[in-house]
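Before any comments, here is the structure.
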Amino acid sequence: MRGLSAVKVGVRRFAIDDPYYLILALRWPTFLAMVLLIFVAANLLFASLYWLVPGSVANARPGAFGDAFFFSVETLATVGYGVMTPATLYGHTVASSEIFFGMFLTALVTGAFFARFARPQARMVFSDTAVVAPYEGRQALMVRVASRRLQGISEATARISYLRSEPIGESRFRRFDELKLVKNNIPILSLTWTIIHPIDEDSPLWGMTDERMAAEAPTVMVSITGFDEAISSVINDRRTYRREDVRFGHVFADILRDLPGDMVELDITRIHETRPAPVLREVEIQESAVRAS
């Protein structure tokens, strides 16, 4: 998923005072490495406490830090094989403290894993490019989306926002325009959905050319919201398109194929494919203007 590029001054990417966000924001390899690091560090700490007082652990070899470390691992995990056991009041005190810490750590790690797995994933796929192609005698901006899951997305709703920098006096302001869509919601998204914004006189893209878009360097943001039947949860996903992601004079290739038994095949691997669009005939443009009036 691509979003708007921005740098926030005074905001840390990973804030220690916001641990829940930190746990969810970390990538899986980083998260697993952090859990492993905490596990090893905790065992090294308690192993040092056992090792510093010889005789506190029965059947541990004198001065053997490895024995103290693995006894700590067994105690932290509440395994207790029985070969090595606390032998003194000091050993029992440290072991009791480690068991309490282990219960606390296990609860935190279990909750963190659950929070990461339970977070809904949209699993939507957007076309790599948006296209400006003929539509009912005029031009239209189009984006194609689909779900990567076999089940459909109920009550799917789409929005397209057009962001551009607009000079006002000596300053420049970032302006969002909500683009009017031919259809902004559908009952079920089971195959693909081509989201269409007709470029008429009320559209901020009216009269837009490839050269003008290159000069304005706008951003088109497409967002999808719906109820994912596969995970029984509301999902939201978005994609942004910059100037280089918009193709003029192209349409999306047909990726549906009829199968026997009233079945339809969708080749989602070709969702990004486009082809040159047919040229609008003058009579089609005139007929569209008559309908619009």
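Residues in the structure tokens are named by chain (A, B, ... in the order shown) and by number from 1 within that chain; ligands are numbered from 1 in the order shown.
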
Run DSSP on the backbone of this structure and report the residues of segment 227-272 of chain A it assigns to strand (DSSP E), as a JSON list (two decimals) with N, CA and C atoms, in the first residue's frame.
```json
[["chain", "number", "residue", "atom", "x", "y", "z"],
["A", 227, "PHE", "N", -17.20, -4.71, 4.18],
["A", 227, "PHE", "CA", -17.24, -5.79, 5.17],
["A", 227, "PHE", "C", -16.70, -7.05, 4.52],
["A", 228, "ASP", "N", -15.56, -7.51, 5.02],
["A", 228, "ASP", "CA", -14.91, -8.70, 4.47],
["A", 228, "ASP", "C", -15.59, -9.93, 5.05],
["A", 233, "SER", "N", -15.20, -8.85, 9.30],
["A", 233, "SER", "CA", -14.72, -7.61, 9.87],
["A", 233, "SER", "C", -14.75, -6.51, 8.81],
["A", 234, "VAL", "N", -14.91, -5.28, 9.27],
["A", 234, "VAL", "CA", -14.85, -4.13, 8.38],
["A", 234, "VAL", "C", -13.40, -3.87, 8.02],
["A", 235, "ILE", "N", -13.14, -3.68, 6.74],
["A", 235, "ILE", "CA", -11.77, -3.44, 6.28],
["A", 235, "ILE", "C", -11.71, -2.10, 5.54],
["A", 236, "ASN", "N", -10.52, -1.55, 5.51],
["A", 236, "ASN", "CA", -10.29, -0.30, 4.80],
["A", 236, "ASN", "C", -8.90, -0.36, 4.17],
["A", 237, "ASP", "N", -8.83, 0.04, 2.93],
["A", 237, "ASP", "CA", -7.54, 0.05, 2.25],
["A", 237, "ASP", "C", -7.50, 1.23, 1.30],
["A", 238, "ARG", "N", -6.31, 1.66, 0.95],
["A", 238, "ARG", "CA", -6.19, 2.81, 0.06],
["A", 238, "ARG", "C", -4.93, 2.70, -0.78],
["A", 239, "ARG", "N", -4.92, 3.49, -1.83],
["A", 239, "ARG", "CA", -3.77, 3.54, -2.74],
["A", 239, "ARG", "C", -3.70, 4.94, -3.32],
["A", 240, "THR", "N", -2.50, 5.45, -3.47],
["A", 240, "THR", "CA", -2.33, 6.76, -4.08],
["A", 240, "THR", "C", -1.62, 6.61, -5.42],
["A", 241, "TYR", "N", -1.99, 7.49, -6.33],
["A", 241, "TYR", "CA", -1.41, 7.51, -7.67],
["A", 241, "TYR", "C", -0.82, 8.89, -7.92],
["A", 246, "VAL", "N", -0.43, 7.55, -13.84],
["A", 246, "VAL", "CA", -1.65, 7.78, -14.62],
["A", 246, "VAL", "C", -1.32, 7.65, -16.10],
["A", 247, "ARG", "N", -2.08, 6.80, -16.79],
["A", 247, "ARG", "CA", -1.88, 6.60, -18.22],
["A", 247, "ARG", "C", -3.04, 7.22, -18.99],
["A", 248, "PHE", "N", -2.71, 8.10, -19.89],
["A", 248, "PHE", "CA", -3.72, 8.71, -20.75],
["A", 248, "PHE", "C", -3.88, 7.85, -22.01],
["A", 250, "HIS", "N", -5.46, 4.98, -22.37],
["A", 250, "HIS", "CA", -5.43, 3.53, -22.15],
["A", 250, "HIS", "C", -6.71, 3.09, -21.43],
["A", 251, "VAL", "N", -7.06, 1.83, -21.63],
["A", 251, "VAL", "CA", -8.16, 1.20, -20.90],
["A", 251, "VAL", "C", -7.63, -0.09, -20.29],
["A", 252, "PHE", "N", -8.35, -0.59, -19.29],
["A", 252, "PHE", "CA", -7.94, -1.83, -18.66],
["A", 252, "PHE", "C", -8.29, -3.02, -19.56],
["A", 256, "LEU", "N", -11.70, -11.16, -17.40],
["A", 256, "LEU", "CA", -12.75, -12.13, -17.08],
["A", 256, "LEU", "C", -12.97, -13.05, -18.27],
["A", 257, "ARG", "N", -13.24, -14.32, -17.96],
["A", 257, "ARG", "CA", -13.48, -15.29, -19.02],
["A", 257, "ARG", "C", -14.64, -16.20, -18.61],
["A", 258, "ASP", "N", -15.58, -16.37, -19.53],
["A", 258, "ASP", "CA", -16.73, -17.24, -19.26],
["A", 258, "ASP", "C", -16.31, -18.70, -19.29],
["A", 259, "LEU", "N", -16.81, -19.46, -18.32],
["A", 259, "LEU", "CA", -16.55, -20.89, -18.24],
["A", 259, "LEU", "C", -17.87, -21.65, -18.36],
["A", 263, "MET", "N", -20.15, -20.20, -15.07],
["A", 263, "MET", "CA", -19.04, -19.80, -14.21],
["A", 263, "MET", "C", -18.21, -18.73, -14.90],
["A", 264, "VAL", "N", -17.55, -17.91, -14.08],
["A", 264, "VAL", "CA", -16.69, -16.84, -14.59],
["A", 264, "VAL", "C", -15.31, -17.00, -13.97],
["A", 265, "GLU", "N", -14.29, -16.88, -14.79],
["A", 265, "GLU", "CA", -12.92, -16.97, -14.30],
["A", 265, "GLU", "C", -12.31, -15.56, -14.25],
["A", 266, "LEU", "N", -11.72, -15.23, -13.11],
["A", 266, "LEU", "CA", -11.03, -13.95, -12.93],
["A", 266, "LEU", "C", -9.54, -14.21, -12.79]]
```

| field | Filtered DSSP result for segment 90-276 of chain A, state alpha helix (DSSP H), as a ChimeraX atom specification | value | /A:90-118,210-216

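Distance annotation: of A:Ile168, A:Ser147, A:Glu201, A:Ser154, the residue with the minimal separation from Ile186 of chain A is A:Ser154; atom set is only C-alpha atoms.
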
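Distance-wise, atom CA of Ala130 of chain A and atom CA of Val143 of chain A end up 4.9 Å apart.
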
One decimal place gives the atom CA of Glu74 of chain A-atom CA of Pro29 of chain A separation as 25.2 Å

Any idea what's packed within 8 Å of segment 105-114 of chain A, counting only C-alpha atoms, ignoring anything in its chain fewer than 5 positions away? Could you give it as a ChimeraX atom specification? /A:23-24,35

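When only C-alpha atoms are used to compute distances to Val131 of chain A, the closest of the residues A:Thr194, A:Ser161, A:Asn184, A:Thr93 turns out to be A:Thr194.
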
Original post:
If you count only C-alpha atoms, which residues fall within 12 Å of Gly91 of chain A, apart from same-chain ones fewer than 2 positions away, as a VMD selection string?
Top reply: chain A and resid 46 to 58 60 68 71 to 72 75 84 to 89 93 to 98
